[in-house]
Amino acid sequence: MNGIFDQIEQHHLELLRSLSQSLADKTTETDLLGHLLRELIKLTGAEVGAFFSWDQETQSATLQSVLQSHSNSAAEPSFSQSVLNQVAETGTAVLSFDTNSDDRYSKQRSVILNNIQAILAFPLLNRQSIYGILYLDSRVQRGQFTEASRQFLTLFSPIASLALEQILDRVKIENENRLLRAERDENPIVPGMIGSSPAMKKMQKMIVKVARTEASVLITGENGTGKDLVARAIHQLSLRADMPYFAQYIGSIPPTILDSELFGHMKGTFTGALQDRPGLFEAMDGGTLFLDEIGDLSPELQTKLLRVLQNKEIKRLGENTIRKVDVRILAATNHDLTELIRDGKFRQDLYYRLNVVKIQVPPLRERAEDIPALVNHFLKDEPVSAISRQALRRLMQYSWPGNVRELENILKRAVIMAANQQIELDDLSFENVLQNPAASLAEATLEEIKQYFIRERLDRFNGNKSQTARSLDISLRSLQQKCSEEGWT
Ligand SMILES: Nc1ncnc2c1ncn2[C@@H]1O[C@H](COP(=O)(O)OP(=O)(O)OP(=O)(O)O)[C@@H](O)[C@H]1O
Ligand SMILES: [Mg+2]
C-alpha cells in the first residue's frame, strides 16, 4: 500500500483509534462537538477551534461555537469564508495558509508576515450531506499544520460524522416519541377525556363500545371523578349525537317539580300550571337524557321512570293520555344503590333496567399516573402553565378526596398564587376540609363536620384561638390540641 497511509505517521493512527473511542460515550451534539474541538486543539496546537453549521439551501456557514486555547488571545478570531466554502464544496479536509481572510491584517504588511493564518478544516456529514464544518486556526504553531495532518483529518472526518449521525438519529427518534406521546395524551380514545392509565383506558374502551348501543348505562364513581363527562361522551359517540342531550340533576329537587320537569303537566294540575306543558322526555325525543344522582329519585318517580324504560311511554302530570317517547337514559350515582335497595329506598327492578351496563369511574388516587396529563390539560390556557417538579410530585402523592374537580380547583388557585412563571409547591393549598359543604355535608363523617366548623370559625376570628374556643364553647386547651393534631398551627 502506498499513498495516504505512507504519509500518515504512526502516532496519527494511534490518535485515530483513541479519538474514535472517546467519541463513543458522547450523548449530545454539544458534548460531542465540545470534545472534538478540545481534542483537536490539543492535537494540532491550534489557538482557535470553531464549529460552523452548514445550511444546504443558502449554501452558507453559521458559527455555532468557538473554543480558544489561550483565553488571553486578545484578537477576535476571524474566519476564512473561502476555506469554509471550499470544505463544503469538496466535502474533504482543507489545509490553507491564508493571508487575506481578515482586512485588519492584510492592510499591514508586517502584521501579515507575523500572522499568516494556518487553517485546517474538515466537514461533518449527516446522511452524506454536509452538516457542519470543524475549523482549526493557528498563527503561532502553524508549523504543525501539515499535509499529514490534513490527511489525518480526511480519515478522521467520516468517523466523527458517524458519531454525530448516531446522536442526531437518537435525538430525532426521541423527539418523535415525545410528539407521539403528547399526541396520544391529548387525543385520548374518548375526546376531551384525559387519562391513559390502564384503568382509564379500560373505561374509555367501554364507553366507545357501549355508546354505539341503545343500552341504559349506570355511571358510578366518587364526587368529581368525571361522571358528567362520561355521560356526555357516551351521547357524543352514539348514533344519537345529532339529537338533543340534557343532564337533569335529581338530588334534592322536590318530587312534584321534578315530575313536571321530566314528564310535563296538564294545565291546572297545580298552582302555577297555567298551560299544558311537555316535559323533558318529550322534548328529548330521539336524544339522550342523563339523570344525575338517581339514588335521590322519589318512589313515585321511580315507578314512572320504570315505565319509560319498559314501555317507552309517559303520561304528563294530571293527564291520562299515554305518549310514546324514544329517549336513551343514562344515570349516575355516587351512592351504593344496592344498599338503598336493601333499605327499601330504591326499586330493584328499576335498578336492573338502569344497570344494563355499569361504568365505574376510577377515583383519581388510583391513577396518579394520569395527573401530569391532567395538569397540562388544565393549565394549557392559563397565564401560568408551568409547574415545578416538586409541586407536581406533591400533586401525584395527594389522596384527592374531591378527585379531578379538586385538582382543577387547586390548580386554579395555584395559578392566582403563583408569583413567577411557574407553579411552586407553596402555591398549592390542600384543604383537608369539605370542599363544598352544602353538597357534601349529608355524606360527611362527624369528624369531618367538626373539622369543617372549627376551621370556619377559626377563619371568622382570623385565627384567634381564644375567641374561637369561646364561640364554640370549648376550652382553649382542647382547641389547641385539635389544631396541633390537624397541623393547623
Ligand atoms: N378525565 C378527565 N379529563 C379531563 N377533565 C376531567 C376528567 N375527569 C373530570 N374532568 C373535569 O373535572 C370536573 C369534574 O367532573 P364531573 O363534573 O364530570 O364529575 P362528576 O363525577 O360528575 O362529579 P359529581 O359527583 O360532583 O357530580 C369537570 O370540570 C370535568 O370536566
Ligand atoms: Mg356530576
# chains A, B, ... in the order shown; residues from 1 in each chain; ligands from 1
call {"tool": "residues_near_ligand", "arguments": {"ligand": "ligand 1", "cutoff": "7 Å", "atoms": "only C-alpha atoms and all ligand atoms", "output": "VMD selection string"}}
result
chain A and resid 192 to 195 221 to 230 334 374 404 to 405 408
call {"tool": "write_last_selection", "arguments": {"atoms": "C-alpha atoms", "output": "compact mmCIF listing (two decimals), in the first residue's frame"}}
result
# COMPACT_ATOMS: atom_id res chain seq x y z
CA GLY A 192 -61.92 15.59 25.96
CA MET A 193 -61.25 12.84 28.47
CA ILE A 194 -57.67 12.94 29.69
CA GLY A 195 -56.04 9.83 31.09
CA GLY A 221 -67.96 6.96 40.93
CA GLU A 222 -66.93 9.28 43.73
CA ASN A 223 -67.51 13.05 43.66
CA GLY A 224 -65.69 14.84 40.88
CA THR A 225 -64.37 11.75 39.12
CA GLY A 226 -65.90 12.77 35.80
CA LYS A 227 -69.33 11.11 35.68
CA ASP A 228 -70.89 14.04 33.81
CA LEU A 229 -68.05 13.87 31.33
CA VAL A 230 -68.65 10.15 30.78
CA ASN A 334 -72.15 8.22 43.97
CA LEU A 374 -54.48 16.37 33.59
CA VAL A 404 -60.48 15.61 39.27
CA ARG A 405 -62.67 18.54 40.28
CA GLU A 408 -58.90 21.55 38.79
call {"tool": "residues_around", "arguments": {"residues": "Pro299 in chain A", "least_positions_apart": "4", "cutoff": "12 Å", "atoms": "only C-alpha atoms", "output": "PyMOL selection string"}}
result
chain A and resi 255-256+259+294-295+303-306+340-341+344-348+350
call {"tool": "atom_distance", "arguments": {"atom1": "CA of Ser138 in chain A", "atom2": "CA of Val66 in chain A"}}
result
13.5 Å
call {"tool": "select_by_dssp", "arguments": {"residues": "range 165-367 of chain A", "states": "strand (DSSP E or B)", "output": "VMD selection string"}}
result
chain A and resid 217 to 220 245 to 249 264 to 265 277 to 278 288 to 292 313 to 314 317 323 to 324 328 to 333 357 to 360
call {"tool": "atom_distance", "arguments": {"atom1": "CA of Val325 in chain A", "atom2": "CA of Gly264 in chain A"}}
result
12.6 Å
call {"tool": "closest_residue", "arguments": {"among": "A:Ser471, A:Gln151, A:Thr333, A:Thr44", "to": "ligand 2", "atoms": "only C-alpha atoms and all ligand atoms"}}
result
A:Thr333
call {"tool": "closest_residue", "arguments": {"among": "A:Gln360, A:Gln248, A:Gln166, A:Ser399", "to": "ligand 2", "atoms": "only C-alpha atoms and all ligand atoms"}}
result
A:Gln248
call {"tool": "residues_around", "arguments": {"residues": "Lys312 in chain A", "least_positions_apart": "4", "cutoff": "9 Å", "atoms": "only C-alpha atoms", "output": "count of residues only"}}
result
7
call {"tool": "closest_residue", "arguments": {"among": "A:Phe156, A:Phe290, A:Tyr131, A:Phe79", "to": "ligand 2", "atoms": "only C-alpha atoms and all ligand atoms"}}
result
A:Phe290
call {"tool": "residues_around", "arguments": {"residues": "Ala118 in chain A", "least_positions_apart": "5", "cutoff": "7 Å", "atoms": "only C-alpha atoms", "output": "PyMOL selection string"}}
result
chain A and resi 96-98+137-139+142+145
